[in-house]
Each structure stands twice: as C-alpha cells, then as structure tokens.
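Notes follow once the structure below has been shown.
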Amino acid sequence: MNGKPWVISIPPFKCPDNLTGIPDYYIQAWEKYVGKVQPEGGGREDWIELCARLYWGTRNLGDDAIVRICDRDDVNPRDLIGLPHFGPVLRMPSIDQIGDPSKADMYAINPNVRMLMHRKTRLSSVHEDDVSQAFDSLIGEGVSDFFVKYTHRSKRLPNLKLSGTDVDQLAQQVHDWGEWAFIMADDDPNALLIQQYADIRYEYRMFMVGDQPVCGAGNIGMKTPIDNMHTRFDPQVQEHRDDGTVDNVVVKPELVERYREFAVRAGRMLSHCGYAAYVLDLCLIDDEVSIVELNGMMNAGLFALNMNDLTIALRLNWEQCVPPVLASPTDSIRMRKPREERR
C-alpha cells in the first residue's frame, strides 16, 4: 500500500483491575509487545482503547509495522520521522510524533464549519474589549446562554457555560476562567469560540479518512471497541452524554444513517481544508443534524468503534497519518518543555 512501515505508538499505561470481558487477543497483544497483564488500578476504558490500537494496528497496518512503547529506548525516534503513525500524541512528544497530522482542531476559523454548527457563534481574542464585543454582538441577537471554548490550545481548558446579559460580568468570568492559559494566546485573534448554548442530543463521532466517513460510534464514555455491534457505524447512542453510566444507551440506526449522510456531505465541503484524518463530532440540535466540533484522530476517544474498518481505511490513506516534522534543529530544544511552561 506504501513503501514505508507504520509506527504503532503505545504510551505506558497501567492495566485495569477489572479484566472481565476483555478479549484474549487483546490481552495476548499487550503481553507480546508491552508486558504482563495483571490488575494495576489503571482506567479500564482507556486501557482497552490502547489494546484496540495495538491489536488492530499490528493486524491491519502491515507485517512490517513498528511497535514503539513510548517509555522505552529500544527504537531510535529519529529513525521514525516521516513514517505514518497510529497512536496518541503525548503531552511531552517524541521528536518523530510532535503533533497530530491533522489541523482539524482549528475548525473554529472555518466559516463552513461554523455554518454547519447551527447555532450563533463569534470568534474573539483573549483581550477583554474583544471578548466584550463578542458577547455584546450575540446578546444583540437575543442570546443569553453561552458556551465558550478555548480554541488556541484544544483541550487545555474545560469548556465554560455562562448565562446573563451583563457584558462586563461575562467578560470578567471568561478572564477568571482563562487566567494563565491566556498568556500564550495573547496574539491569537481567534483564541476563543463564543457560541450560543444549545441542547446537544445524541452525540456521535464520525471517523473521517480520505474526506469521507469510514466508521463511527456514539460518544458514550463507558463504551469501547469491544462493545461494537459488528457494524461500521455503531448505532448505540445516549440522548445526553453521561460518561458514568450505560443505563440510558439506546439503539438508533435510522439516526446514525442521518449522521452518515450528513458526514458524507460535510466531508465533500471540507475536502479542500487539508484536515487529513480527523474526527467529526455530530449531534441533534432542535432535530437538525449539527456539528459539535472537529479534532485530530490520534488522541480521539474510540468508543464502540469498528477498529477493523478504521485501520483498513487508514492503511489505504497512510499519507494522512504522517506527523508534522520539526522545522529546524532549535525546535527540538524548545519542545523539551510543554508550551505552557515556556516564556
């Protein structure tokens, strides 16, 4: 499929205490490449997802795939630069995997994406006057409930829900929330996505490879690939996401088909953006299929995903999984500390 071997990157992670229901082939793959499987107090869902990446990666990404366990020095990371990678990017990244190949987490600046979110939005810098102007503009359109995301560094801050029409008070709450993180975004005119709060129902994650959906699963925190119902687009969903239970999970194949059709059209619309392989989170807002957000694929939760379909699609589109390369030797010095620690 390509002349380069894949790198399957697995970070160190403790095994969970509860191993019930985990397939033997997952356990065998872990023991072959990582170490003995025994109760160690690790997170069950996160560990199963790593096993899924390891097993399906070694099965479908080629006999020459390189398994790299991130806390070991048996592989020289410089030898892996420029190869397609499958596995999460660490907070302290290796030189061969300094970031996700996708720039989909910059979706907020894309007007086509914001149009398909089906709720009022504004972009803003972190400066108080810009934040106030964004709130004032939305309030002028009748919005009084807000949802704020820090888009400068995806996932560095929890999302912020606010209510009210006092612009100064809203802006102050945003700055109290951002604190030190805003220092790094001082020159970013689009550091914040301030949007109308909406009742998001039935969240679903589409895995987009080659600008089209290849598989998907509902955003259900306690579901993993071992819960997939033997289908490419798993029909299990929750009306409102609750990562602490599966009691309210329902099966809605007709809704999932609506999501798939929407993702096909969205993939065509966004095909010129160079997003590589990414995840497209969808939902219902007032019964209209809408975008929640986009993110890179390497660190995305898998939920009840069909890993066979995902890894086959990735192998056919290997060029979408090659991480960015450091621009200069001095970058390797700067990357030794997380960005938020540098001045």
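To be explicit about the labels: the chains of the structure tokens are called A, B, and onward in the order shown, and within each one the residues are counted from 1, while ligands get numbers from 1 in the order they are shown.
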
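Taking the backbone of this structure through DSSP, the residues of segment 102-200 of chain A that come out as strand (DSSP E) are Thr121, Arg122, Leu123, Ser124, Asp145, Phe146, Phe147, Val148, Lys149, Tyr150, Leu160, Lys161, Leu162, Ser163, Leu192, Leu193, Ile194, Gln195 and Gln196 of chain A.
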
Take the residues just selected and output them with N, CA, C and O atoms as a short mmCIF file (atom, residue, chain, number, x, y, z; two decimals), in the first residue's frame.
```
data_model
loop_
_atom_site.label_atom_id
_atom_site.label_comp_id
_atom_site.auth_asym_id
_atom_site.auth_seq_id
_atom_site.Cartn_x
_atom_site.Cartn_y
_atom_site.Cartn_z
N THR A 121 -22.46 32.02 16.65
CA THR A 121 -21.08 31.96 17.16
C THR A 121 -20.35 33.26 16.88
O THR A 121 -20.69 33.99 15.95
N ARG A 122 -19.32 33.50 17.69
CA ARG A 122 -18.39 34.58 17.45
C ARG A 122 -16.98 34.12 17.82
O ARG A 122 -16.80 33.37 18.79
N LEU A 123 -16.00 34.58 17.06
CA LEU A 123 -14.61 34.35 17.41
C LEU A 123 -14.08 35.59 18.13
O LEU A 123 -14.50 36.72 17.84
N SER A 124 -13.13 35.38 19.04
CA SER A 124 -12.59 36.50 19.79
C SER A 124 -11.17 36.22 20.21
O SER A 124 -10.78 35.05 20.41
N ASP A 145 -27.58 32.66 26.86
CA ASP A 145 -26.88 31.48 27.38
C ASP A 145 -25.74 31.17 26.42
O ASP A 145 -25.95 31.05 25.21
N PHE A 146 -24.54 30.99 27.00
CA PHE A 146 -23.33 30.91 26.17
C PHE A 146 -22.51 29.67 26.52
O PHE A 146 -22.58 29.13 27.64
N PHE A 147 -21.69 29.28 25.54
CA PHE A 147 -20.77 28.16 25.70
C PHE A 147 -19.44 28.60 25.08
O PHE A 147 -19.39 28.92 23.89
N VAL A 148 -18.39 28.65 25.91
CA VAL A 148 -17.11 29.20 25.46
C VAL A 148 -16.06 28.09 25.39
O VAL A 148 -15.91 27.30 26.32
N LYS A 149 -15.32 28.04 24.27
CA LYS A 149 -14.23 27.09 24.10
C LYS A 149 -12.93 27.85 23.86
O LYS A 149 -12.90 28.86 23.15
N TYR A 150 -11.87 27.32 24.47
CA TYR A 150 -10.53 27.87 24.27
C TYR A 150 -9.93 27.15 23.07
O TYR A 150 -9.47 26.01 23.16
N LEU A 160 -16.61 26.37 29.08
CA LEU A 160 -17.22 27.27 30.06
C LEU A 160 -18.65 27.59 29.64
O LEU A 160 -18.89 28.08 28.53
N LYS A 161 -19.60 27.34 30.54
CA LYS A 161 -21.00 27.69 30.29
C LYS A 161 -21.35 28.93 31.11
O LYS A 161 -21.07 28.98 32.32
N LEU A 162 -21.95 29.92 30.46
CA LEU A 162 -22.29 31.18 31.11
C LEU A 162 -23.72 31.58 30.74
O LEU A 162 -24.22 31.21 29.68
N SER A 163 -24.32 32.37 31.63
CA SER A 163 -25.64 32.92 31.36
C SER A 163 -25.67 34.37 31.81
O SER A 163 -24.97 34.75 32.76
N LEU A 192 -10.70 32.28 21.13
CA LEU A 192 -11.93 31.87 21.81
C LEU A 192 -13.06 31.69 20.80
O LEU A 192 -13.21 32.50 19.88
N LEU A 193 -13.82 30.64 21.00
CA LEU A 193 -15.07 30.45 20.25
C LEU A 193 -16.21 30.63 21.25
O LEU A 193 -16.39 29.81 22.15
N ILE A 194 -16.93 31.73 21.10
CA ILE A 194 -18.06 32.03 21.99
C ILE A 194 -19.33 31.73 21.20
O ILE A 194 -19.56 32.31 20.14
N GLN A 195 -20.11 30.81 21.71
CA GLN A 195 -21.25 30.34 20.94
C GLN A 195 -22.52 30.32 21.79
O GLN A 195 -22.48 30.31 23.02
N GLN A 196 -23.62 30.33 21.11
CA GLN A 196 -24.92 30.18 21.74
C GLN A 196 -25.02 28.79 22.36
O GLN A 196 -24.72 27.79 21.73
#
```

Hey, could you make a per-residue contact list for segment 186-259 of chain A against segment 292-306 of chain A with 9 Å as the cut-off, showing the nearest pair of atoms and its distance in Å to one decimal, counting only C-alpha atoms, sorted by chain and number, as a Markdown table?
```
| residue | atom | partner | partner_atom | distance |
| --- | --- | --- | --- | --- |
| A:Ile200 | CA | A:Val292 | CA | 8.2 |
| A:Glu203 | CA | A:Val292 | CA | 8.0 |
| A:Arg205 | CA | A:Leu302 | CA | 8.4 |
| A:Phe207 | CA | A:Met297 | CA | 7.5 |
| A:Met208 | CA | A:Met297 | CA | 8.6 |
| A:Cys215 | CA | A:Asn306 | CA | 6.6 |
| A:Gly216 | CA | A:Leu305 | CA | 6.0 |
| A:Ala217 | CA | A:Leu305 | CA | 5.3 |
| A:Gly218 | CA | A:Phe303 | CA | 6.8 |
| A:Asn219 | CA | A:Phe303 | CA | 6.3 |
| A:Ile220 | CA | A:Phe303 | CA | 6.2 |
| A:Gly221 | CA | A:Phe303 | CA | 6.6 |
| A:Met222 | CA | A:Phe303 | CA | 7.4 |
| A:Lys223 | CA | A:Phe303 | CA | 5.0 |
| A:Thr224 | CA | A:Phe303 | CA | 4.3 |
| A:Pro225 | CA | A:Ala304 | CA | 4.2 |
| A:Ile226 | CA | A:Ala304 | CA | 6.7 |
| A:Asp227 | CA | A:Ala304 | CA | 5.2 |
| A:Asn228 | CA | A:Ala304 | CA | 4.6 |
| A:Met229 | CA | A:Ala304 | CA | 7.9 |
| A:His230 | CA | A:Asn306 | CA | 7.1 |
| A:Thr231 | CA | A:Asn306 | CA | 6.7 |
| A:Arg232 | CA | A:Asn306 | CA | 5.7 |
| A:Phe233 | CA | A:Asn306 | CA | 7.6 |
| A:Asp234 | CA | A:Ala304 | CA | 6.8 |
| A:Gln236 | CA | A:Ala304 | CA | 8.1 |
```

Spatial neighbours of segment 13-28 of chain A, 7 Å, only C-alpha atoms, chain gap at least 5 places, as a compact mmCIF listing (two decimals) with N, CA and C atoms, in the first residue's frame:
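The resulting file, part-v2.txt, is shown below:
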```txt
# COMPACT_ATOMS: atom_id res chain seq x y z
N VAL A 37 -0.09 -8.75 31.76
CA VAL A 37 -1.39 -8.19 32.08
C VAL A 37 -1.80 -8.68 33.46
N GLN A 38 -1.94 -7.74 34.38
CA GLN A 38 -2.33 -8.04 35.74
C GLN A 38 -2.99 -6.80 36.34
N PRO A 39 -3.84 -6.98 37.35
CA PRO A 39 -4.52 -5.81 37.94
C PRO A 39 -3.53 -4.78 38.48
N GLU A 40 -3.65 -3.54 37.98
CA GLU A 40 -2.73 -2.47 38.39
C GLU A 40 -3.45 -1.16 38.72
N GLY A 41 -4.78 -1.16 38.67
CA GLY A 41 -5.53 0.04 39.02
C GLY A 41 -5.68 1.06 37.91
N GLY A 42 -5.37 0.70 36.67
CA GLY A 42 -5.50 1.63 35.55
C GLY A 42 -6.94 1.81 35.11
N GLY A 43 -7.18 2.83 34.30
CA GLY A 43 -8.52 3.08 33.77
C GLY A 43 -8.90 2.02 32.74
N ARG A 44 -10.05 1.40 32.92
CA ARG A 44 -10.45 0.27 32.08
C ARG A 44 -10.68 0.71 30.63
N TRP A 47 -7.47 1.80 28.79
CA TRP A 47 -6.57 0.67 28.52
C TRP A 47 -7.10 -0.18 27.37
N CYS A 51 -5.29 -1.15 23.84
CA CYS A 51 -5.21 -2.54 23.34
C CYS A 51 -5.80 -2.63 21.93
N ALA A 52 -6.90 -1.91 21.71
CA ALA A 52 -7.53 -1.94 20.39
C ALA A 52 -6.60 -1.35 19.33
N TYR A 55 -3.70 -4.08 18.90
CA TYR A 55 -4.09 -5.32 18.21
C TYR A 55 -4.45 -5.06 16.75
```

Quiz item: What gap, in Å, lies between atom CA of His85 of chain A and atom CA of Lys103 of chain A?
Solution: 15.4 Å

Exercise. Identify, on the basis of only C-alpha atoms, every residue whose closest approach to Asp287 of chain A does not exceed 12 Å; exclude the query and any residue fewer than 2 positions from it along the same chain; express the result as a VMD selection string.
Key: chain A and resid 118 198 to 202 239 255 258 to 259 282 to 285 289 to 290

Put those residues in a file: N, CA, C and O atoms, as a JSON list (two decimals), in the first residue's frame.
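Written out: selection.json:
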```json
[["chain", "number", "residue", "atom", "x", "y", "z"],
["A", 118, "HIS", "N", -25.02, 25.25, 13.34],
["A", 118, "HIS", "CA", -26.43, 25.61, 13.53],
["A", 118, "HIS", "C", -26.70, 26.27, 14.87],
["A", 118, "HIS", "O", -27.71, 25.98, 15.54],
["A", 198, "ALA", "N", -26.61, 25.42, 23.37],
["A", 198, "ALA", "CA", -27.68, 24.64, 22.75],
["A", 198, "ALA", "C", -27.83, 23.31, 23.47],
["A", 198, "ALA", "O", -26.87, 22.80, 24.07],
["A", 199, "ASP", "N", -29.01, 22.76, 23.40],
["A", 199, "ASP", "CA", -29.27, 21.43, 23.96],
["A", 199, "ASP", "C", -28.77, 20.40, 22.96],
["A", 199, "ASP", "O", -29.41, 20.12, 21.95],
["A", 200, "ILE", "N", -27.58, 19.86, 23.23],
["A", 200, "ILE", "CA", -26.93, 18.91, 22.32],
["A", 200, "ILE", "C", -27.40, 17.50, 22.69],
["A", 200, "ILE", "O", -27.20, 17.05, 23.81],
["A", 201, "ARG", "N", -27.97, 16.81, 21.71],
["A", 201, "ARG", "CA", -28.52, 15.47, 21.97],
["A", 201, "ARG", "C", -27.88, 14.46, 21.03],
["A", 201, "ARG", "O", -27.55, 14.75, 19.89],
["A", 202, "TYR", "N", -27.73, 13.25, 21.53],
["A", 202, "TYR", "CA", -27.25, 12.10, 20.75],
["A", 202, "TYR", "C", -25.92, 12.38, 20.05],
["A", 202, "TYR", "O", -25.81, 12.29, 18.82],
["A", 239, "GLU", "N", -28.95, 10.01, 24.72],
["A", 239, "GLU", "CA", -29.58, 11.29, 24.40],
["A", 239, "GLU", "C", -28.75, 12.45, 24.95],
["A", 239, "GLU", "O", -28.54, 13.45, 24.26],
["A", 255, "LEU", "N", -31.17, 7.21, 12.98],
["A", 255, "LEU", "CA", -30.48, 8.46, 13.28],
["A", 255, "LEU", "C", -29.03, 8.38, 12.83],
["A", 255, "LEU", "O", -28.50, 9.35, 12.24],
["A", 258, "ARG", "N", -28.70, 9.09, 9.28],
["A", 258, "ARG", "CA", -28.76, 10.53, 9.02],
["A", 258, "ARG", "C", -27.39, 11.16, 9.27],
["A", 258, "ARG", "O", -26.95, 12.02, 8.48],
["A", 259, "TYR", "N", -26.75, 10.76, 10.34],
["A", 259, "TYR", "CA", -25.41, 11.28, 10.63],
["A", 259, "TYR", "C", -24.43, 10.92, 9.52],
["A", 259, "TYR", "O", -23.62, 11.74, 9.10],
["A", 282, "LEU", "N", -20.87, 14.94, 15.80],
["A", 282, "LEU", "CA", -22.18, 15.41, 15.38],
["A", 282, "LEU", "C", -23.19, 15.28, 16.51],
["A", 282, "LEU", "O", -22.95, 14.57, 17.50],
["A", 283, "CYS", "N", -24.34, 15.94, 16.34],
["A", 283, "CYS", "CA", -25.40, 15.85, 17.33],
["A", 283, "CYS", "C", -26.71, 16.30, 16.68],
["A", 283, "CYS", "O", -26.73, 16.73, 15.52],
["A", 284, "LEU", "N", -27.77, 16.22, 17.46],
["A", 284, "LEU", "CA", -29.03, 16.84, 17.07],
["A", 284, "LEU", "C", -29.23, 18.12, 17.87],
["A", 284, "LEU", "O", -29.08, 18.11, 19.10],
["A", 285, "ILE", "N", -29.56, 19.21, 17.20],
["A", 285, "ILE", "CA", -29.98, 20.44, 17.84],
["A", 285, "ILE", "C", -31.33, 20.81, 17.23],
["A", 285, "ILE", "O", -31.42, 21.06, 16.02],
["A", 289, "VAL", "N", -29.38, 17.84, 12.30],
["A", 289, "VAL", "CA", -28.01, 17.32, 12.45],
["A", 289, "VAL", "C", -27.04, 18.48, 12.38],
["A", 289, "VAL", "O", -27.08, 19.29, 11.44],
["A", 290, "SER", "N", -26.16, 18.56, 13.38],
["A", 290, "SER", "CA", -25.27, 19.71, 13.53],
["A", 290, "SER", "C", -23.88, 19.25, 13.95],
["A", 290, "SER", "O", -23.71, 18.20, 14.55]]
```
